[in-house]
$ cat protein.cif   # mmCIF, C-alpha atoms
data_model
loop_
_atom_site.label_atom_id
_atom_site.label_comp_id
_atom_site.auth_asym_id
_atom_site.auth_seq_id
_atom_site.Cartn_x
_atom_site.Cartn_y
_atom_site.Cartn_z
CA MET A 748 20.54 -13.69 -48.86
CA ASN A 749 23.15 -12.81 -46.30
CA LEU A 750 24.14 -9.30 -45.30
CA GLN A 751 27.47 -9.45 -47.16
CA MET A 752 25.75 -10.30 -50.46
CA ARG A 753 23.15 -7.56 -49.97
CA SER A 754 25.90 -5.09 -49.18
CA GLU A 755 27.78 -5.97 -52.36
CA MET A 756 24.60 -5.66 -54.45
CA SER A 757 23.43 -2.44 -52.83
CA PRO A 758 23.92 0.85 -54.68
CA LEU A 759 25.02 2.22 -51.31
CA GLY A 760 27.92 -0.20 -51.20
CA SER A 761 29.17 -1.03 -47.73
CA ASP A 762 27.00 1.61 -46.02
CA GLU A 763 24.01 -0.71 -45.73
CA PRO A 764 25.26 -2.78 -42.76
CA GLY A 765 25.75 0.39 -40.73
CA ARG A 766 22.30 1.81 -41.35
CA PHE A 767 20.61 -0.34 -38.71
CA ARG A 768 23.28 -0.41 -36.04
CA ALA A 769 22.34 0.35 -32.46
CA LEU A 770 22.93 3.77 -30.96
CA LEU A 771 26.43 4.24 -29.64
CA ASP A 772 26.73 3.44 -25.94
CA TRP A 773 28.74 6.00 -24.00
CA PHE A 774 30.09 6.90 -20.59
CA ILE A 775 31.20 10.08 -18.90
CA ALA A 776 34.28 9.81 -16.71
CA SER A 777 34.92 12.17 -13.83
CA VAL A 778 36.83 12.28 -10.56
CA ARG A 779 35.55 13.94 -7.40
CA ASP A 780 37.39 13.85 -4.05
CA GLY A 781 39.47 10.87 -5.17
CA VAL A 782 36.44 8.87 -6.33
CA TYR A 783 36.33 7.85 -9.99
CA ILE A 784 32.81 8.08 -11.42
CA ALA A 785 31.48 6.63 -14.66
CA ARG A 786 27.95 7.56 -15.77
CA ILE A 787 26.81 5.21 -18.51
CA GLY A 788 24.30 6.11 -21.21
CA THR A 789 22.61 3.31 -23.12
CA THR A 790 19.25 1.62 -23.55
CA ALA A 791 17.38 0.20 -20.56
CA GLU A 792 18.11 -3.38 -21.56
CA ARG A 793 21.79 -2.70 -22.12
CA ALA A 794 22.13 -0.87 -18.77
CA VAL A 795 20.75 -3.90 -16.92
CA ASP A 796 22.91 -6.27 -19.00
CA LEU A 797 26.00 -4.15 -18.27
CA MET A 798 25.25 -4.21 -14.54
CA HIS A 799 25.17 -7.99 -14.71
CA ALA A 800 28.28 -8.24 -16.91
CA LEU A 801 30.35 -5.76 -14.89
CA SER A 802 29.41 -7.31 -11.55
CA VAL A 803 31.85 -10.14 -12.32
CA HIS A 804 34.67 -7.65 -11.58
CA LEU A 805 33.55 -7.07 -7.99
CA ASP A 806 34.88 -8.73 -4.83
CA PRO A 807 33.62 -12.23 -3.88
CA ALA A 808 31.34 -10.79 -1.17
CA VAL A 809 29.40 -7.54 -1.61
CA ASP A 810 26.79 -5.47 0.15
CA VAL A 811 23.47 -5.03 -1.65
CA VAL A 812 20.74 -2.41 -1.36
CA MET A 813 17.64 -2.84 -3.52
CA THR A 814 14.85 -0.25 -3.34
CA ASP A 815 11.47 -0.57 -5.04
CA TRP A 816 10.25 3.02 -5.44
CA ARG A 817 6.73 1.84 -6.30
CA THR A 818 6.12 0.15 -2.96
CA GLY A 819 8.64 2.02 -0.83
CA THR A 820 10.34 -1.24 0.17
CA GLU A 821 14.08 -1.49 0.63
CA TRP A 822 16.03 -4.74 1.00
CA VAL A 823 19.55 -4.76 2.43
CA GLY A 824 22.17 -7.49 2.59
CA VAL A 825 25.72 -7.57 3.88
CA ASP A 826 28.43 -9.92 2.57
CA VAL A 827 26.25 -11.43 -0.13
CA ALA A 828 28.11 -14.01 -2.21
CA LEU A 829 28.86 -12.58 -5.65
CA PRO A 830 27.79 -15.74 -7.57
CA ASP A 831 24.41 -15.64 -5.80
CA LEU A 832 24.02 -11.94 -6.62
CA ARG A 833 24.91 -12.53 -10.28
CA GLU A 834 22.35 -15.33 -10.50
CA ALA A 835 19.68 -13.06 -8.99
CA LEU A 836 20.66 -10.22 -11.36
CA GLY A 837 20.32 -12.62 -14.28
CA ARG A 838 16.76 -13.46 -13.22
CA LEU A 839 15.90 -9.79 -12.68
CA ARG A 840 17.19 -8.56 -16.04
CA PHE A 841 13.88 -8.69 -17.91
CA PRO A 842 11.61 -7.23 -15.18
CA LEU A 843 14.11 -4.48 -14.30
CA ALA A 844 14.59 -3.41 -17.93
CA THR A 845 10.86 -3.55 -18.61
CA TYR A 846 9.53 -1.64 -15.60
CA GLY A 847 12.37 0.36 -14.02
CA GLY A 848 11.63 2.19 -10.79
CA VAL A 849 14.11 0.09 -8.81
CA GLU A 850 17.39 1.34 -7.42
CA LEU A 851 19.93 -1.45 -7.13
CA THR A 852 23.31 -0.78 -5.55
CA VAL A 853 26.12 -3.29 -5.13
CA VAL A 854 29.02 -2.20 -2.93
CA GLY A 855 32.47 -3.70 -2.48
CA PRO A 856 35.41 -2.29 -0.52
CA ASP A 857 36.66 -0.26 -3.50
CA ASP A 858 33.78 -0.20 -5.99
CA GLN A 859 30.08 0.54 -6.22
CA LEU A 860 27.74 -0.25 -9.12
CA SER A 861 24.36 1.48 -9.01
CA LEU A 862 21.40 1.03 -11.33
CA THR A 863 19.12 4.02 -10.86
CA PRO A 864 15.30 3.87 -10.97
CA GLU A 865 15.56 5.58 -14.37
CA LEU A 866 17.74 2.66 -15.58
CA LEU A 867 21.02 4.52 -15.73
CA LEU A 868 24.18 2.78 -14.60
CA VAL A 869 26.65 4.67 -12.42
CA ILE A 870 29.97 3.31 -11.16
CA TYR A 871 31.92 4.75 -8.24
CA ALA A 872 35.44 3.45 -7.59
CA ARG A 873 38.78 4.15 -5.96
CA SER A 874 40.62 3.52 -9.25
CA ASP A 875 40.07 4.23 -12.93
CA ARG A 876 39.99 0.53 -13.92
CA TRP A 877 36.32 0.70 -14.84
CA TYR A 878 37.02 3.21 -17.60
CA PHE A 879 39.21 0.63 -19.33
CA LEU A 880 36.61 -2.10 -18.83
CA LEU A 881 33.88 0.10 -20.33
CA ASP A 882 36.11 0.99 -23.25
CA GLY A 883 36.80 -2.71 -23.81
CA LEU A 884 33.05 -3.36 -23.94
CA GLY A 885 32.69 -0.88 -26.79
CA LEU A 886 31.42 2.15 -24.89
CA SER A 887 32.88 5.45 -25.97
CA GLU A 888 33.91 8.17 -23.57
CA ARG A 889 32.14 11.51 -23.95
CA ALA A 890 32.77 14.88 -22.38
CA ALA A 891 29.06 15.54 -21.71
CA PRO A 892 25.80 13.62 -22.04
CA PRO A 893 23.45 14.34 -24.91
CA ALA A 894 20.39 16.46 -24.15
CA PRO A 895 17.62 14.26 -22.72
CA VAL A 896 14.56 13.75 -24.88
CA TRP A 897 12.42 13.04 -21.82
CA VAL A 898 12.95 12.64 -18.10
CA PRO A 899 11.06 9.88 -16.25
CA THR A 900 9.36 10.69 -12.98
CA LEU A 901 9.12 8.37 -9.99
CA SER A 902 5.73 9.77 -8.96
CA LYS A 903 3.96 8.25 -11.98
CA LEU A 904 5.22 4.67 -11.73
CA ALA A 905 2.40 2.19 -12.31
CA HIS A 906 2.03 -0.84 -10.05
CA SER A 907 3.82 -3.89 -11.45
CA PRO A 908 2.94 -7.23 -9.83
CA GLU A 909 5.47 -9.10 -12.00
CA LEU A 910 8.32 -6.84 -10.88
CA ALA A 911 7.22 -6.91 -7.22
CA THR A 912 7.17 -10.72 -7.28
CA ALA A 913 10.60 -10.91 -8.94
CA LEU A 914 12.12 -8.46 -6.43
CA ALA A 915 10.70 -10.31 -3.44
CA ALA A 916 11.97 -13.63 -4.81
CA ALA A 917 15.45 -12.20 -5.43
CA ALA A 918 15.55 -10.68 -1.94
CA ALA A 919 14.55 -14.01 -0.39
CA ARG A 920 17.17 -15.96 -2.40
CA LEU A 921 19.88 -13.52 -1.37
CA GLY A 922 18.80 -13.37 2.28
CA LEU A 923 18.18 -9.61 2.19
CA THR A 924 16.21 -8.00 5.00
CA ALA A 925 13.26 -5.77 4.13
CA GLY A 926 12.32 -2.43 5.56
CA PRO A 927 10.90 0.93 4.52
CA ALA A 928 12.92 2.82 1.91
CA SER A 929 14.75 5.91 3.04
CA THR A 930 13.10 9.07 1.81
CA GLU A 931 16.38 10.54 0.56
CA ARG A 932 16.62 10.76 -3.20
#

$ encode --input "protein.cif" --output "structure tokens"
Amino acid sequence: MNLQMRSEMSPLGSDEPGRFRALLDWFIASVRDGVYIARIGTTAERAVDLMHALSVHLDPAVDVVMTDWRTGTEWVGVDVALPDLREALGRLRFPLATYGGVELTVVGPDDQLSLTPELLLVIYARSDRWYFLLDGLGLSERAAPPAPVWVPTLSKLAHSPELATALAAAAARLGLTAGPASTER
């Protein structure tokens, strides 16, 4: 029985299809010192998927900084080809969404996409174009974030061999150089 038939037969009428919809994805828009900022609230999987989807709107060559907060390793690349980055992001989607604890920043001349270790997506830009892109993807603008139900802590991240292997492979494919992570956070 398809959803339309169940909806017509349901005593609730057309409410049934909406009962199991996903939580509404949102973003908070702000401007500080001429920089447009969008903080995106969604599930871990969706944040990683949005990073991948939105990266298509970056310049053809970008700078990349990837920091694994579990191991304290940071990989850096300059002028990385966008198609190569998108391919690497596609391969990293599952491990990143599953384990978190990785900060991934992609920087172009006018835009920066950052996935935080807590799996939040933040966009910094010189124009407000990202707000329209987010709206077009179905995210709604909010004035303030909802109250957090819990706050993850970087000090309690468990070792993840699968994630470490995936990060090292992505760094090698992209030609990123490894070094110790900066202690600033």

$ closest_residue --input "protein.cif" --among "A:Glu850, A:Arg838, A:Asp806, A:Leu910" --to "A:Glu821" --atoms "all atoms listed in the file"
A:Glu850

$ closest_residue --input "protein.cif" --among "A:Thr818, A:Ser887, A:Gln859, A:Ser874" --to "A:Asp772" --atoms "only C-alpha atoms"
A:Ser887

$ closest_residue --input "protein.cif" --among "A:Ala890, A:Leu843, A:Val827, A:Met798" --to "A:Ile775" --atoms "only C-alpha atoms"
A:Ala890

$ atom_distance --input "protein.cif" --atom1 "atom CA of A:Ala925" --atom2 "atom CA of A:Glu792"
26.3 Å

$ closest_residue --input "protein.cif" --among "A:Pro895, A:Val795, A:Leu867, A:Arg873" --to "A:Gly781" --atoms "all atoms listed in the file"
A:Arg873

$ residues_around --input "protein.cif" --residues "A:Glu909" --least-positions-apart "4" --cutoff "9 Å" --atoms "only C-alpha atoms" --output "JSON list (two decimals) with C-alpha atoms, in the coordinates of the input"
[["chain", "number", "residue", "atom", "x", "y", "z"],
["A", 842, "PRO", "CA", 11.61, -7.23, -15.18],
["A", 913, "ALA", "CA", 10.60, -10.91, -8.94],
["A", 914, "LEU", "CA", 12.12, -8.46, -6.43]]

$ closest_residue --input "protein.cif" --among "A:His906, A:Ala915, A:Asp831, A:Leu868" --to "A:Leu881" --atoms "only C-alpha atoms"
A:Leu868

$ atom_distance --input "protein.cif" --atom1 "atom CA of A:Ala785" --atom2 "atom CA of A:Glu834"
24.1 Å

$ atom_distance --input "protein.cif" --atom1 "atom CA of A:Leu921" --atom2 "atom CA of A:Val809"
11.2 Å

$ closest_residue --input "protein.cif" --among "A:Trp816, A:Trp822, A:Trp773, A:Phe841" --to "A:Ile787" --atoms "all atoms listed in the file"
A:Trp773

$ axis_aligned_box --input "protein.cif" --around "stretch 781-791 of chain A" --padding-each-side "4 Å" --output "JSON"
{"center_x": 28.4, "center_y": 5.5, "center_z": -14.4, "size_x": 30.1, "size_y": 18.7, "size_z": 26.4}

$ resolve_selection --input "protein.cif" --expression "the PyMOL selection byres ((chain A and resi 782) around 9)" --output "VMD selection string"
chain A and resid 777 to 781 783 to 784 871 to 875

$ write_last_selection --input "protein.cif" --atoms "C-alpha atoms" --output "mmCIF file, in the frame of the given file"
data_model
loop_
_atom_site.group_PDB
_atom_site.id
_atom_site.type_symbol
_atom_site.label_atom_id
_atom_site.label_comp_id
_atom_site.auth_asym_id
_atom_site.auth_seq_id
_atom_site.Cartn_x
_atom_site.Cartn_y
_atom_site.Cartn_z
ATOM 1 C CA SER A 777 34.920 12.170 -13.830
ATOM 2 C CA VAL A 778 36.830 12.280 -10.560
ATOM 3 C CA ARG A 779 35.550 13.940 -7.400
ATOM 4 C CA ASP A 780 37.390 13.850 -4.050
ATOM 5 C CA GLY A 781 39.470 10.870 -5.170
ATOM 6 C CA TYR A 783 36.330 7.850 -9.990
ATOM 7 C CA ILE A 784 32.810 8.080 -11.420
ATOM 8 C CA TYR A 871 31.920 4.750 -8.240
ATOM 9 C CA ALA A 872 35.440 3.450 -7.590
ATOM 10 C CA ARG A 873 38.780 4.150 -5.960
ATOM 11 C CA SER A 874 40.620 3.520 -9.250
ATOM 12 C CA ASP A 875 40.070 4.230 -12.930
#

$ residues_around --input "protein.cif" --residues "A:Asp796" --least-positions-apart "3" --cutoff "12 Å" --atoms "only C-alpha atoms" --output "PyMOL selection string"
chain A and resi 789-793+799-803+833+836-844+862+866-868+884

$ decode --input "protein.cif" --residues "stretch 777-814 of chain A" --atoms "N, CA, C and O atoms" --output "compact mmCIF listing (two decimals), in the first residue's frame"
# COMPACT_ATOMS: atom_id res chain seq x y z
N SER A 777 24.47 35.84 9.72
CA SER A 777 24.96 37.04 10.40
C SER A 777 26.06 37.66 9.55
O SER A 777 26.60 37.03 8.65
N VAL A 778 26.38 38.90 9.87
CA VAL A 778 27.46 39.61 9.18
C VAL A 778 28.34 40.24 10.24
O VAL A 778 27.84 40.89 11.16
N ARG A 779 29.65 40.02 10.12
CA ARG A 779 30.58 40.62 11.07
C ARG A 779 31.80 41.14 10.30
O ARG A 779 32.45 40.36 9.60
N ASP A 780 32.06 42.43 10.41
CA ASP A 780 33.19 43.06 9.73
C ASP A 780 33.20 42.77 8.22
O ASP A 780 34.25 42.48 7.64
N GLY A 781 32.05 42.80 7.60
CA GLY A 781 31.95 42.57 6.16
C GLY A 781 32.00 41.12 5.73
O GLY A 781 32.03 40.82 4.54
N VAL A 782 32.03 40.21 6.69
CA VAL A 782 32.05 38.77 6.38
C VAL A 782 30.67 38.19 6.70
O VAL A 782 30.16 38.35 7.80
N TYR A 783 30.09 37.55 5.69
CA TYR A 783 28.78 36.90 5.85
C TYR A 783 29.00 35.51 6.41
O TYR A 783 29.83 34.75 5.91
N ILE A 784 28.28 35.18 7.47
CA ILE A 784 28.46 33.92 8.17
C ILE A 784 27.13 33.17 8.19
O ILE A 784 26.10 33.75 8.50
N ALA A 785 27.19 31.89 7.87
CA ALA A 785 26.01 31.02 7.98
C ALA A 785 26.40 29.83 8.85
O ALA A 785 27.32 29.09 8.51
N ARG A 786 25.71 29.68 9.96
CA ARG A 786 25.90 28.52 10.85
C ARG A 786 24.72 27.60 10.60
O ARG A 786 23.57 28.00 10.77
N ILE A 787 25.02 26.36 10.23
CA ILE A 787 23.99 25.43 9.79
C ILE A 787 23.74 24.37 10.85
O ILE A 787 24.67 23.75 11.35
N GLY A 788 22.47 24.17 11.18
CA GLY A 788 22.07 23.16 12.14
C GLY A 788 21.30 22.04 11.45
O GLY A 788 20.31 22.30 10.78
N THR A 789 21.79 20.84 11.59
CA THR A 789 21.18 19.67 10.98
C THR A 789 21.77 18.42 11.60
O THR A 789 22.55 18.51 12.55
N THR A 790 21.45 17.27 11.09
CA THR A 790 22.03 16.03 11.59
C THR A 790 23.48 15.90 11.12
O THR A 790 23.89 16.59 10.17
N ALA A 791 24.23 15.01 11.74
CA ALA A 791 25.62 14.80 11.35
C ALA A 791 25.74 14.39 9.89
O ALA A 791 26.57 14.93 9.15
N GLU A 792 24.91 13.45 9.47
CA GLU A 792 24.97 12.98 8.09
C GLU A 792 24.66 14.10 7.11
O GLU A 792 25.32 14.26 6.09
N ARG A 793 23.66 14.87 7.41
CA ARG A 793 23.24 15.96 6.52
C ARG A 793 24.31 17.05 6.47
O ARG A 793 24.54 17.64 5.41
N ALA A 794 24.97 17.34 7.59
CA ALA A 794 26.03 18.35 7.60
C ALA A 794 27.16 17.94 6.66
O ALA A 794 27.66 18.76 5.88
N VAL A 795 27.57 16.68 6.71
CA VAL A 795 28.63 16.20 5.84
C VAL A 795 28.16 16.21 4.39
O VAL A 795 28.89 16.61 3.48
N ASP A 796 26.92 15.77 4.15
CA ASP A 796 26.36 15.80 2.79
C ASP A 796 26.29 17.23 2.25
O ASP A 796 26.58 17.47 1.08
N LEU A 797 25.89 18.18 3.10
CA LEU A 797 25.82 19.57 2.67
C LEU A 797 27.20 20.13 2.34
O LEU A 797 27.35 20.89 1.38
N MET A 798 28.19 19.75 3.12
CA MET A 798 29.57 20.20 2.82
C MET A 798 29.95 19.73 1.42
O MET A 798 30.49 20.50 0.63
N HIS A 799 29.66 18.48 1.13
CA HIS A 799 29.97 17.93 -0.19
C HIS A 799 29.17 18.65 -1.27
O HIS A 799 29.71 19.07 -2.30
N ALA A 800 27.87 18.80 -1.06
CA ALA A 800 27.01 19.42 -2.07
C ALA A 800 27.36 20.89 -2.31
O ALA A 800 27.39 21.35 -3.45
N LEU A 801 27.64 21.62 -1.25
CA LEU A 801 27.93 23.05 -1.39
C LEU A 801 29.33 23.32 -1.94
O LEU A 801 29.58 24.39 -2.49
N SER A 802 30.23 22.36 -1.81
CA SER A 802 31.59 22.56 -2.30
C SER A 802 31.62 22.77 -3.82
O SER A 802 32.56 23.37 -4.34
N VAL A 803 30.59 22.33 -4.52
CA VAL A 803 30.54 22.54 -5.97
C VAL A 803 30.51 24.03 -6.33
O VAL A 803 30.88 24.41 -7.44
N HIS A 804 30.13 24.88 -5.39
CA HIS A 804 30.02 26.32 -5.64
C HIS A 804 31.32 27.07 -5.32
O HIS A 804 31.33 28.31 -5.35
N LEU A 805 32.38 26.34 -5.03
CA LEU A 805 33.67 26.98 -4.74
C LEU A 805 34.47 27.16 -6.02
O LEU A 805 34.11 26.63 -7.08
N ASP A 806 35.59 27.86 -5.91
CA ASP A 806 36.48 28.08 -7.06
C ASP A 806 37.14 26.76 -7.48
O ASP A 806 37.21 25.81 -6.69
N PRO A 807 37.68 26.70 -8.70
CA PRO A 807 38.27 25.45 -9.21
C PRO A 807 39.47 24.94 -8.42
O PRO A 807 39.77 23.75 -8.44
N ALA A 808 40.17 25.83 -7.73
CA ALA A 808 41.30 25.43 -6.88
C ALA A 808 41.09 26.05 -5.50
O ALA A 808 40.79 27.24 -5.38
N VAL A 809 41.25 25.23 -4.47
CA VAL A 809 40.99 25.67 -3.09
C VAL A 809 42.13 25.24 -2.18
O VAL A 809 42.90 24.33 -2.51
N ASP A 810 42.22 25.89 -1.05
CA ASP A 810 43.14 25.46 0.00
C ASP A 810 42.36 24.59 0.97
O ASP A 810 41.18 24.83 1.22
N VAL A 811 43.03 23.58 1.52
CA VAL A 811 42.37 22.61 2.40
C VAL A 811 43.18 22.45 3.68
O VAL A 811 44.40 22.32 3.63
N VAL A 812 42.48 22.46 4.81
CA VAL A 812 43.09 22.14 6.10
C VAL A 812 42.20 21.09 6.74
O VAL A 812 41.00 21.30 6.92
N MET A 813 42.79 19.95 7.09
CA MET A 813 42.05 18.85 7.69
C MET A 813 42.77 18.47 8.99
O MET A 813 43.95 18.12 8.96
N THR A 814 42.07 18.55 10.10
CA THR A 814 42.67 18.28 11.41
C THR A 814 41.94 17.14 12.09
O THR A 814 40.72 17.21 12.29
